[in-house]
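What follows is a set of notes on a single structure, which appears directly below.
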Amino acid sequence: MKIFQICSSCTLLKIRDLTILIDFPLTNQFPKKSNLKEKKYLKNIPLTIPYISQRELEEIDVILITNEFGITGLPFITEYSSFKGVIYCTEPILLLGTMLMEEISQGVINSNSFPEILNENFNENFKENFNENFNENFKENFNENFKENFKENENIKRRKKNPKQNIIKDQNIENNLININFEQKKKYQNRVVYSLEDIEKSTTRITTVKFNQEISIYGILKIKAANSGYSLGSTNWILKTSTKKIVLMSEIFLDKSAQKQFSTPLSQSKQLKSSDVIILLSNNLVPIDYPQTENQDAIMIQNLQNNENTQEDDKKKENEKKSKSKKPKTKTKSKSKKKSKGKSKKKSKGKSKKKSKGKSKKKSKGKSKKKDQPNLQTPTTLAKETFPKTTLSNNISKLLDYSQKTLKRGGNVIIPFCSYGIFYDIINILTDFISDNPNIGNVTTYIVSPTSKKFLAYSNTIAEYLNENYSQQVFIPEPSFKFEKLIPRGKLVPITTLGGSYRKEAIVGTGNMQDVMRINPAKNSRVFTSSYQQQQQQTQDTQFISGKIEISNINAKIPILYTHKTQALKEPCVVFVSHPSLLFGDVVSLIEKWKANSKNCLISIDPNRNFEKSLLPFLPMNMESFNVPINKNANLTDFFNFITKINPSTLVIPKQIFKNNNEWIQKFLSQNQLKLEMVVFKHQKTKKISIKEEYEIGYIESRIENIGLNQAHEAKFGAFPTAMMVNVKNYKNSFEKVLLDPMSSDSRVKTQRSLFGIPSLQSIIEHLSLSMNIQGVSIHSENQIHTISFSQNDPIFSNSSLIFNEKNNQTQIICSNEVARQILKKAILKNVSSFGNHQEFY
Amino acid sequence: MGIQFLALGAGRMVGRSCLIVTMGNKTIMLDCGVHLGKKEERFPDFSQIKTKIDCVIISHFHLDHCGALPYFTEKIGYSGPIYMTTPTKAICPIILEDYVHVTSDSNEETPFFSSQMIKDSMNKVIGINFLETIEIEEDFEIRAYYAGHVLGAALFYVRVGQESIVYTGDFSMTSDQHLGSASIEKLNPDLLITESTYGHSIRDPKSSREKHFLKLIHEHIDKGGKVLIPVFSLGRAQELCILLETYWERMGLDVPIYLATGLAEKANEFYKIFSNWMNQELKDSVLKKNRNVFEFRHIKPFDRTKVSIETPGPMVMFASPGMLHSGTSLAIFRIWAPLEKNLVIIPGYCVSGTVGSKLSETGPHRVEIGKGEEIQVNCKVKFVSFSAHADMMGIIHLIKQCEPKKIALVHGEFGNMSILRNQIQRLTKIPCSLPKTGQIEFFETIPKTEIKISRKLIQNELKLTKNDNFMKFSKYQLHNFKRVKVSENENWINGITLTKRNNQNSNNISKIYFLDPEKTIEKTNLVRHKMKFLETLQLQQEMIPQRNSEKEESIIQVIANELKQILVGDYDYDVFVDQNDIKVAGTSIKINSKNQQNIVIEWEFEDEDIALRTIGVLKQRICK
């Protein structure tokens with residue numbers, strides 16, 4: 001088994017010659033600094049997909065998806081490569097992932113800018129390490145491909161000589177990258193990442209699975225999706241070979257104290273029990289050792305880091321990030337000082353204060369220039385002193401706290417949003433909090449995204465993926481989420497786009513019509529309004545409907561899609577607005593609009609993004625901004641306690657985690673007396689994980705007595721020549737039914753031709769001279785080599801000889817006469833045999 | 001080894017499904033239903049159960065499959081796990097609640113279980129999703145498959161150790177307005193227990209029944225008549241509502257449709273929430289069109305205070321209960337029945353004794369509606385069956401999908417079942433039995449013995465390269481990969497079975513291996529013996545002059561070419577030339593020419609067949 005991490009959220013796994021790709025996300029990079037000033041970043045949106053070449057894609061048999069983001073790069077594989085394998089994911093992930101893709105696609109179109117798609121972390125290590133075997137195979141098996149293959153290697157060599165060469169511009173290599181082809185280039189000019197058609201086609205290639213549904217892959221591997229609890233439908237994959245159980249763990253939700261607030265159930269160790277190998281794919285564990293926000297930044301660095309960065313650079317950057325991340329924190333501090341009412345979360349505030357104080361002493365802040373502090377306190381000591389064990393609940397209360405304050409002073413809250421399962425919980429918690437709060441109970445919450453309506457509609461139908469508190473609701477029957485009730489009351493409003501003054505162009509047929517198209521209420525035709533208005537008017541006039549409508553009374557059946565001109569937001573309000581990258585989507589214009597007012601605030605909850613860096617293009621702004629990452633992933637202690645319960649023999653973890661927590665892990669293992677083989681894999685380096693597997697398991701469908709295996713044997717073992725039927729065509733059941741036939745009555749059972757035993761010279765000669773009555777047999781022995789020769793006068797045996805090498809237990813018959821050869825052969829076979837009771841060969 | 005089977009109900013009859021299956025050391029109860037017609041035999045006779053029940057599985061929410069569950073858990077005292085799909089779990093208590101009310105109201109019986117008992121019972125239920133495998137204990141697992149029939153109905157696969165069964169519950173093999181059709185994998189269970197309600201017949205396609213249904217209604221409302229459709233609140237009602245709703249939409253009708261079922265709104269709410277469990281079309285309409293089909297535009301809940309059933313003019317009314325034995329549907333029937341232009345369509349099955357079962361399609365007649373009261377029925381009465389059961393072809397189709405070793409038929413009339421049995425045995429050749437209620441039946445199973453097969457052996461025997469494995473093998477087969485020759489259906493691997501005992505005296509084999517020779521030696525104290533052969537052949541005279549004119553190497557080339565002609569063509573052996581040697585078929589056979597006149601052939605015992613064939617060719621074409 002081999003593992004290769006392409007980038008932090010995309011991994012290749014080779015197990016038993018199956019190549020498995022885990023996740024293929026489309027992520028965004030940050031705009032180049034040079035672009036910031038002139039706001040060029042709006043012209044070019046840098047998006048990246050993990051680097052993988054056509055050739056490798058061809059070899060991939062299965063793609064397993066662990067979370068919604070893992071789907072977002074798939075159209076590049078399914079539509080623009082020769083990938084032939086299967087893709088598996090759970091149903092919520094498919095649906096939410098599809099929405100995410102639509103959001104990106106629509107968002108980029110609407111933002112009037114061009115996506116620029118790059119391959120992330122291009123690295124020839126990949127080829128060299130991982131594909132060594134691949135290439136050999138190709139040479140051996142696909143001769144016709146050999147030449148091409150050779151060419152590819154040439155490219156690598158050239159690249160090595162000139163590493164600075166921009167890989168994207170290199171024509172030859174370009175051909176190897178998946179997304180570069182002519183048609184697509186054309187599409188770039190149309191400002192499309194992928195079209196809705198691409199998305200639809202791509203999603204039809206995906207096979208959905210249920211949790212705990214067992215699927216056989218070519219009869220070698222059984223895969224099973226286990227709930228990770230991180231987000232709706234997010235998955236840890238269990239791979240079962242005939243003897244081993246391997247768990248691919250992406251994220252894992254174990255925080256019991258936070259469970260009540262979230263709708264997804266906790267990960268259960270029961271499903272993963274008796275696993276042999278656990279592979280932790282995510283770098284995203286919440287370390288207990290240092291504050292969460294800083295860790296997030298460190299991870300972002302990891303995502304962003306280029307190959308040229310040395311480890312020292314990494315450290316530097318990490319420190320930079322740390323100092324950066326303090327900026328919002330200090331704001332928090334000042335805020336809490338100003339308005340310190342000590343309301344609810346005294347503890348957490350106190351702690352965050354401590355932290356920011358301690359830090360600000362050590363470091364001087366400032367956006368542009370930072371200094372490294374050589375005598376920075378080690379994270380471990382920091383953590384023990386100042387930080388609570390769980391930051392998840394605290395961050396939620398912070399989120400509520402900030403929102404409340406902002407709304408109370410009449411400001412608006414912007415929360416960058418995408419169709420991600422966690423937002424169901426966030427919306428639920430926030431709307432619940434607001435409607436329970438008398439001061440701000442009238443505030444309307446908006447969800448602005450091309451897919452907002454779908455997103456809310458789907459929340460109704462997912463009870464089986466939720467934890468007990470939520471799924472019990474359906475037995476009443478009630479919607480699982482409380483926010484459902486707010487929609488008819490107009491307190492929670494889904495909007496496809498804010499439209500109007502923020503955008504100039506109208507795009508037909510995408511669901512984002514900017515200008516209101518009003519069809520005069522002629523005969524039998526209908527008047528369309530936005531969903532917002534619809535909510536209010538529905539009671540009076542049932543003729544108002546929204547969405548896609550076919551007008552049958554007009555000659556042409558054109559689907560007309562609608563939104564209101566400039567969506568009037570009833571302020572103050574909470575707006576969940578796409579997209580969290582802050583590069584495209586309505587969030588861009590909304591921030592621009594509201595950033596001047598210091599009453600407003602922007603809260604980011606995404607733990608996987610560098611909020612600070614995303615904000616750079618909008619600076620300066622008066623609006624407050626907070627980073628409150630809601631990271632449901634387990635922390636180290638919980639994770640290792642969980643592992644202890646499962647008790648695997650091998651644990652595979654990314655270096656990122658091991659490096660930072662080495663001491664802690666060692667201590668934990670020794671304390672708990674856990675016998676665990678740790679395998680640490682590095683970014684962009686192939687790592688072998690040895691699992692010993694010699695056997696396949698089959699079943700004989702017959703009684704043991706019937707096949708004669710139970711016959712009395714004196715020895716401790718019995719051995720027979722046998723044949724087994726393997727049905728290759730129906731590979732699904734390849735080893736389930738094994739037919740054994742030991743007695744070679746069936747012509748399909750070939751006699752076992754391997755010989756066992758040591759012949760005795762004595763008996764060979766006896767056989768030849770006495771039984772066969774051959775005259776003139778003579779023996780010449782030298783150095784344990786015995787040569788038996790025959791009389792020259794013998795008509796059959798002349799020129800024949802039999803050499804018995806006692807040392808090597810080897811006999812050689814030199815003979816040109818067929819009859820003589822058979823007699824000599826028999827003389828030896830009398831003494832050796834294929835097996836025990838199976839003496840009769842001929 | 002075997003499977004013990006006891007039907008406490010549904011053996012050669014319809015109703016009161018309750019089957020006890022014992023296999024391995026586990027006893028499983030499949031369904032726990034009541035008999036709706038016979039009061040005396042309402043509950044299964046639980047006293048016949050001799051062993052502890054390890055788990056209860058409920059296939060769907062119909063009373064003849066789940067009705068006795070609270071009785072079994074609360075009165076008999078079963079406390080183990082109960083499994084049903086989430087929709088079944090949600091709807092079951094409502095149905096049970098309704099059942100208790102209806103029976104206690106109409107028959108003045110004391111309720112046999114209380115609401116609290118239903119609640120307590122349902123609290124023990126564990127929800128399962130389709131295709132999810134739940135491992136109850138080690139080597140004891142259950143899995144649910146989609147069954148159509150009603151919302152949340154499931155086929156169940158149960159495996160204990162090596163033995164397994166599939167229980168179908170009720171299922172339909174055709175999709176309808178809101179549900180898909182049943183489907184199952186090729187599970188090869190030891191026993192398939194299948195329902196056979198309509199197993200004797202081949203039914204009309206659903207679409208023609210739907211057409212007929214709509215035509216009847218449309219005719220009557222055109223005449224200004226009123227249409228009464230007695231239904232139960234959950235299941236069929238929703239299917240027919242969708243049917244009428246879309247028809248109304250399409251035809252532009254504005255005749256009011258009312259839903260007078262006690263739980264109408266609650267029921268629709270359930271159907272909205274569980275739209276994920278229905279067919280693809282419905283799911284898409286929720287997600288893509290953002291429209292839930294259970295939000296009806298034409299069908300409105302019936303409110304007595306606003307609408308009177310005596311209002312003149314056409315009207316369509318869905319009313320519960322479905323068998324016209326009490327409640328709203330009977331009350332409406334009493335008023336509408338005497339009028340000639342009205343219509344009553346009965347879409348479901350009516351148990352004998354109910355008003356529904358007394359009606360006939362043959363024209364005006366008098367019907368007793370309870371307590372000696374009789375009314376004149378002048379309206380039209382039609383029976384259009386919408387109950388979703390698989391017909392003969394459907395059942396046989398499922399059997400072919402699932403490929404069981406034995407079949408037991410339940411949930412059907414004896415006569416019909418024997419027709420189905422004959423058909424099954426004729427078409428599938430699988431033994432099929434009809435267990436009787438209350439009688440223990442035993443199905444023998446063949447035990448399987450685990451065998452460890454050396455992966456290396458498979459690779460060697462199937463001539464796979466080092467990095468290939470079994471899967472690639474099948475892949476290459478698809479790509480016409482030359483080096484592997486695969487017969488159409490079967491591939492035989494030759495190897496050595498090695499049986500190991502715990503100790504010398506024991507007769508029990510603890511482990512069986514299937515190995516290659518090398519591995520056998522490693523595992524035992526045997527010694528490998530190698531036998532080699534060497535033969536010298538004289539070249540033909542004609543070959544020698546040819547050879548003189550050319551270079552030395554070409555003798556080999558000449559021989560190789562000759563060999564290739566026959567061996568590659570006729571036997572598909574590869575012939576390689578490696579400097580001064582020729583190798584045949586990648587075996588140990590070596591041919592070289594040491595002097596001008598002779599060639600020497602060397603081979604090992606293992607390759608004798610190929611060697612002899614090669615010599616044959618050489619003797620024929622090149623040598624003396």
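Within each chain, counting starts at residue 1; across the structure tokens, chains are named A, B, ... in the order shown, with ligands numbered 1 upward in that order.
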
Discussion item. When you look at A:Lys270 with a cut-off of 10 Å (counting only C-alpha atoms), what residues show up, excluding the ones that are within fewer than 2 positions of it in the same chain? I need them as a ChimeraX atom specification.
Written reply: /A:267-268,272-274,645-646 /B:135

For the selection just defined, write its residues with N, CA and C atoms to a file, as a PDB file, in the first residue's frame.
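And here is the file that came out, again17.pdb:
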ATOM      1  N   SER A 267     -19.062  10.770  15.460  1.00  0.00           N
ATOM      2  CA  SER A 267     -18.454   9.576  14.877  1.00  0.00           C
ATOM      3  C   SER A 267     -18.484   8.455  15.897  1.00  0.00           C
ATOM      4  N   GLN A 268     -18.780   7.284  15.439  1.00  0.00           N
ATOM      5  CA  GLN A 268     -18.862   6.150  16.354  1.00  0.00           C
ATOM      6  C   GLN A 268     -17.649   5.251  16.173  1.00  0.00           C
ATOM      7  N   LEU A 272     -15.746   1.450  13.324  1.00  0.00           N
ATOM      8  CA  LEU A 272     -14.357   1.367  12.890  1.00  0.00           C
ATOM      9  C   LEU A 272     -13.578   0.307  13.663  1.00  0.00           C
ATOM     10  N   LYS A 273     -14.254  -0.319  14.582  1.00  0.00           N
ATOM     11  CA  LYS A 273     -13.577  -1.282  15.445  1.00  0.00           C
ATOM     12  C   LYS A 273     -12.865  -2.373  14.656  1.00  0.00           C
ATOM     13  N   SER A 274     -11.833  -2.905  15.266  1.00  0.00           N
ATOM     14  CA  SER A 274     -10.989  -3.942  14.688  1.00  0.00           C
ATOM     15  C   SER A 274     -10.412  -3.533  13.334  1.00  0.00           C
ATOM     16  N   LYS A 645      -9.568   3.451  21.491  1.00  0.00           N
ATOM     17  CA  LYS A 645     -10.744   2.577  21.492  1.00  0.00           C
ATOM     18  C   LYS A 645     -10.715   1.609  20.321  1.00  0.00           C
ATOM     19  N   ILE A 646     -10.322   2.117  19.175  1.00  0.00           N
ATOM     20  CA  ILE A 646     -10.314   1.275  17.976  1.00  0.00           C
ATOM     21  C   ILE A 646      -9.153   0.286  18.013  1.00  0.00           C
TER      22      ILE A 646
ATOM     23  N   GLU B 135     -24.587  -4.202  11.778  1.00  0.00           N
ATOM     24  CA  GLU B 135     -23.999  -5.373  12.394  1.00  0.00           C
ATOM     25  C   GLU B 135     -24.506  -5.431  13.827  1.00  0.00           C
TER      26      GLU B 135
END

Worksheet item: So which residues touch B:Glu249 within 12 Å, counting only C-alpha atoms, skipping near sequence neighbours fewer than 6 positions away, as a PyMOL selection string?
Response: chain B and resi 241-243+255+296-299

Discussion item. Using DSSP secondary structure from the backbone, list all alpha helix (DSSP H) positions within stretch 144-261 of chain B, as a PyMOL selection string.
Written reply: chain B and resi 206-222+236-251

Any chance you could export the current selection's N, CA and C atoms as a short mmCIF file (atom, residue, chain, number, x, y, z; two decimals), in the first residue's frame?
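Below you can see selection-v2.cif, which holds the result:
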data_model
loop_
_atom_site.label_atom_id
_atom_site.label_comp_id
_atom_site.auth_asym_id
_atom_site.auth_seq_id
_atom_site.Cartn_x
_atom_site.Cartn_y
_atom_site.Cartn_z
N LYS B 206 -50.02 -1.13 -14.52
CA LYS B 206 -50.56 -0.12 -13.63
C LYS B 206 -51.20 1.03 -14.41
N SER B 207 -50.56 1.40 -15.52
CA SER B 207 -51.03 2.58 -16.25
C SER B 207 -52.45 2.38 -16.74
N SER B 208 -52.81 1.16 -17.12
CA SER B 208 -54.16 0.96 -17.62
C SER B 208 -55.17 1.06 -16.49
N ARG B 209 -54.77 0.60 -15.29
CA ARG B 209 -55.66 0.75 -14.14
C ARG B 209 -55.85 2.22 -13.80
N GLU B 210 -54.74 2.96 -13.90
CA GLU B 210 -54.83 4.40 -13.62
C GLU B 210 -55.76 5.09 -14.61
N LYS B 211 -55.60 4.72 -15.87
CA LYS B 211 -56.45 5.32 -16.92
C LYS B 211 -57.91 5.06 -16.63
N HIS B 212 -58.19 3.80 -16.31
CA HIS B 212 -59.54 3.37 -16.02
C HIS B 212 -60.11 4.19 -14.86
N PHE B 213 -59.32 4.33 -13.83
CA PHE B 213 -59.70 5.06 -12.63
C PHE B 213 -60.06 6.51 -12.96
N LEU B 214 -59.17 7.15 -13.74
CA LEU B 214 -59.40 8.56 -14.09
C LEU B 214 -60.61 8.73 -15.00
N LYS B 215 -60.77 7.78 -15.91
CA LYS B 215 -61.87 7.85 -16.85
C LYS B 215 -63.20 7.78 -16.09
N LEU B 216 -63.28 6.84 -15.15
CA LEU B 216 -64.49 6.69 -14.34
C LEU B 216 -64.85 7.98 -13.63
N ILE B 217 -63.84 8.58 -13.01
CA ILE B 217 -64.09 9.80 -12.24
C ILE B 217 -64.54 10.93 -13.17
N HIS B 218 -63.79 11.07 -14.27
CA HIS B 218 -64.09 12.17 -15.19
C HIS B 218 -65.51 12.06 -15.73
N GLU B 219 -65.92 10.85 -16.10
CA GLU B 219 -67.28 10.63 -16.62
C GLU B 219 -68.33 11.10 -15.62
N HIS B 220 -68.11 10.72 -14.35
CA HIS B 220 -69.12 11.04 -13.37
C HIS B 220 -69.17 12.50 -12.99
N ILE B 221 -68.04 13.14 -12.91
CA ILE B 221 -68.12 14.56 -12.56
C ILE B 221 -68.66 15.38 -13.73
N ASP B 222 -68.43 14.89 -14.95
CA ASP B 222 -69.03 15.57 -16.11
C ASP B 222 -70.55 15.53 -16.03
N ARG B 236 -51.95 4.62 0.04
CA ARG B 236 -52.67 4.70 -1.23
C ARG B 236 -53.25 6.10 -1.46
N ALA B 237 -53.72 6.72 -0.37
CA ALA B 237 -54.33 8.05 -0.50
C ALA B 237 -53.39 9.01 -1.20
N GLN B 238 -52.12 8.98 -0.81
CA GLN B 238 -51.16 9.93 -1.39
C GLN B 238 -50.92 9.63 -2.87
N GLU B 239 -50.85 8.35 -3.18
CA GLU B 239 -50.62 7.99 -4.57
C GLU B 239 -51.76 8.50 -5.44
N LEU B 240 -52.99 8.26 -4.97
CA LEU B 240 -54.15 8.68 -5.76
C LEU B 240 -54.28 10.19 -5.81
N CYS B 241 -53.87 10.84 -4.74
CA CYS B 241 -53.91 12.30 -4.73
C CYS B 241 -52.99 12.87 -5.82
N ILE B 242 -51.79 12.32 -5.90
CA ILE B 242 -50.86 12.79 -6.93
C ILE B 242 -51.46 12.55 -8.31
N LEU B 243 -52.05 11.38 -8.46
CA LEU B 243 -52.63 11.01 -9.74
C LEU B 243 -53.71 12.02 -10.14
N LEU B 244 -54.62 12.30 -9.21
CA LEU B 244 -55.71 13.23 -9.51
C LEU B 244 -55.19 14.65 -9.70
N GLU B 245 -54.27 15.04 -8.84
CA GLU B 245 -53.71 16.39 -8.92
C GLU B 245 -53.12 16.66 -10.31
N THR B 246 -52.31 15.72 -10.78
CA THR B 246 -51.68 15.95 -12.09
C THR B 246 -52.74 15.90 -13.20
N TYR B 247 -53.74 15.04 -13.03
CA TYR B 247 -54.80 14.95 -14.04
C TYR B 247 -55.60 16.25 -14.09
N TRP B 248 -55.93 16.75 -12.94
CA TRP B 248 -56.66 18.01 -12.85
C TRP B 248 -55.87 19.13 -13.52
N GLU B 249 -54.58 19.16 -13.21
CA GLU B 249 -53.68 20.17 -13.76
C GLU B 249 -53.68 20.10 -15.28
N ARG B 250 -53.57 18.87 -15.76
CA ARG B 250 -53.43 18.66 -17.19
C ARG B 250 -54.72 19.00 -17.92
N MET B 251 -55.84 18.60 -17.34
CA MET B 251 -57.12 18.77 -18.01
C MET B 251 -57.75 20.12 -17.71
#

Tell me which protein, DNA and RNA residues are within 12 Å of A:Leu21, counting only C-alpha atoms, leaving out same-chain ones fewer than 5 positions away, and put them as a PDB file with C-alpha atoms, in the first residue's frame.
ATOM      1  CA  LYS A   2       1.298   3.423  -0.905  1.00  0.00           C
ATOM      2  CA  ILE A   3       0.096   6.848  -0.065  1.00  0.00           C
ATOM      3  CA  PHE A   4       0.822  10.106  -1.848  1.00  0.00           C
ATOM      4  CA  GLN A   5      -0.533  13.419  -0.720  1.00  0.00           C
ATOM      5  CA  ILE A   6      -1.014  15.670  -3.714  1.00  0.00           C
ATOM      6  CA  CYS A   7      -2.166  18.562  -1.621  1.00  0.00           C
ATOM      7  CA  SER A   9      -7.094  17.864   0.713  1.00  0.00           C
ATOM      8  CA  CYS A  10      -6.324  15.488  -2.110  1.00  0.00           C
ATOM      9  CA  THR A  11      -4.570  12.179  -1.669  1.00  0.00           C
ATOM     10  CA  LEU A  12      -3.700   9.232  -3.851  1.00  0.00           C
ATOM     11  CA  LEU A  13      -3.698   5.762  -2.414  1.00  0.00           C
ATOM     12  CA  LYS A  14      -2.491   2.649  -4.084  1.00  0.00           C
ATOM     13  CA  ILE A  15      -3.692  -0.513  -2.524  1.00  0.00           C
ATOM     14  CA  PRO A  50      -4.612  19.504  -7.488  1.00  0.00           C
ATOM     15  CA  ILE A  52      -2.524  15.228 -11.624  1.00  0.00           C
ATOM     16  CA  GLU A  56      -2.383   9.040 -13.751  1.00  0.00           C
ATOM     17  CA  LEU A  57      -6.019   9.771 -14.171  1.00  0.00           C
ATOM     18  CA  GLU A  58      -6.299   6.917 -16.581  1.00  0.00           C
ATOM     19  CA  GLU A  59      -4.900   4.632 -13.941  1.00  0.00           C
ATOM     20  CA  ILE A  60      -7.280   5.725 -11.231  1.00  0.00           C
ATOM     21  CA  ASP A  61      -9.911   3.131 -10.545  1.00  0.00           C
ATOM     22  CA  VAL A  62     -11.956   4.772  -7.855  1.00  0.00           C
ATOM     23  CA  ILE A  63     -12.498   8.264  -6.546  1.00  0.00           C
ATOM     24  CA  LEU A  64     -13.804   8.446  -3.013  1.00  0.00           C
ATOM     25  CA  ILE A  65     -15.267  11.700  -1.787  1.00  0.00           C
ATOM     26  CA  THR A  66     -15.148  12.598   1.873  1.00  0.00           C
ATOM     27  CA  GLY A  70     -14.055  17.131  -2.567  1.00  0.00           C
ATOM     28  CA  ILE A  71     -16.513  17.149  -5.437  1.00  0.00           C
ATOM     29  CA  LEU A  74     -14.575  16.700 -10.509  1.00  0.00           C
ATOM     30  CA  ILE A  77     -11.704  14.971 -14.368  1.00  0.00           C
ATOM     31  CA  PHE A  83     -10.616   8.999 -16.442  1.00  0.00           C
ATOM     32  CA  GLY A  85     -13.165   4.787 -13.034  1.00  0.00           C
ATOM     33  CA  VAL A  86     -16.029   5.130 -10.634  1.00  0.00           C
ATOM     34  CA  ILE A  87     -16.762   7.884  -8.157  1.00  0.00           C
ATOM     35  CA  TYR A  88     -18.498   7.262  -4.860  1.00  0.00           C
ATOM     36  CA  TRP A 237     -14.162   5.467   4.154  1.00  0.00           C
ATOM     37  CA  LEU A 248      -9.420   6.586   5.562  1.00  0.00           C
ATOM     38  CA  LEU A 281      -5.770  12.301   5.697  1.00  0.00           C
TER      39      LEU A 281
END

Mind checking which residues fall within 10 Å of A:Lys408, counting only C-alpha atoms, ignoring those fewer than 4 positions away in the same chain, and posting them as a compact mmCIF listing (two decimals) with N, CA and C atoms, in the first residue's frame?
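Once written, part_20.txt looks like this:
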# COMPACT_ATOMS: atom_id res chain seq x y z
N TYR A 402 -21.16 38.54 18.80
CA TYR A 402 -20.83 39.60 17.84
C TYR A 402 -22.07 40.01 17.06
N SER A 403 -22.84 39.02 16.63
CA SER A 403 -24.01 39.31 15.83
C SER A 403 -24.98 40.15 16.64
N GLN A 404 -25.17 39.73 17.88
CA GLN A 404 -26.12 40.44 18.73
C GLN A 404 -25.73 41.90 18.89
N ASN A 412 -25.46 45.80 10.24
CA ASN A 412 -25.78 44.56 9.54
C ASN A 412 -24.65 43.56 9.71
N ASN A 439 -34.84 41.96 21.84
CA ASN A 439 -34.36 43.22 21.26
C ASN A 439 -34.20 43.16 19.74
N ILE A 440 -33.82 42.02 19.30
CA ILE A 440 -33.52 41.93 17.87
C ILE A 440 -34.41 40.90 17.18
N VAL A 443 -35.36 41.01 13.38
CA VAL A 443 -34.34 41.05 12.33
C VAL A 443 -34.58 39.93 11.32
N PRO A 572 -31.83 46.60 10.06
CA PRO A 572 -30.64 45.77 10.12
C PRO A 572 -30.97 44.30 9.85
N LYS A 599 -20.70 50.44 11.96
CA LYS A 599 -21.73 49.70 12.68
C LYS A 599 -21.80 48.25 12.20

Worksheet item: Any idea what's packed within 7 Å of A:Thr461, counting only C-alpha atoms, ignoring anything in its chain fewer than 5 positions away? Could you give it as a PyMOL selection string?
Response: chain B and resi 273-276

Discussion item. I need the residues of stretch 85-217 of chain B that end up classed as strand (DSSP E) by DSSP on the backbone, written out as JSON, numbers by chain.
Written reply: {"B": [85, 125, 126, 127, 128, 133, 134, 135, 136, 137, 140, 141, 142, 143, 144, 145, 146, 154, 155, 156, 157, 158, 159, 160, 163, 164, 165, 166, 167, 191, 192, 193, 194, 195]}

Worksheet item: For the atom pair atom CA of A:Leu802 and atom CA of A:Ala820, what is the interatomic distance in Å to one decimal place?
Response: 10.7 Å

Item to complete: Please provide the set of residues having any atom within 7 Å of stretch 341-355 of chain B, restricted to only C-alpha atoms, with same-chain residues fewer than 2 positions apart removed, written as a ChimeraX atom specification.
Response: /B:37,220,225-230,322-325,336,339,357-359,369,379-387

Worksheet item: Closest to B:Gln48 among B:Gln439, B:Ser196, B:Ser114, B:Cys402, using only C-alpha atoms?
Response: B:Gln439

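Interatomic distance, atom CA of A:Leu407 against atom CA of A:Lys453: 24.7 Å.
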
Worksheet entry | Two-atom distance - atom CA of B:Asp574, atom CA of B:Lys456 (Å) | 22.6 Å

Practice prompt. Identify, on the basis of only C-alpha atoms, every residue whose closest approach to B:Gly80 does not exceed 7 Å; exclude the query and any residue fewer than 2 positions from it along the same chain; express the result as a PyMOL selection string.
Written response: chain B and resi 54-55+78+82

Item to complete: Compare B:Ala147, B:Ala10, B:Ile118, B:Leu515 by their minimum atom-to-atom distance to chain A, counting only C-alpha atoms, and give me the closest one.
Response: B:Leu515

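Candidate residues B:Ile601, B:Cys32, B:Leu63, B:Leu179 were compared for distance to chain A, and the nearest is B:Ile601, using only C-alpha atoms.
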
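Taking only C-alpha atoms into account, chain B lies nearest to A:Thr811 out of the set A:Gln656, A:Asn631, A:Thr811, A:Ser800.
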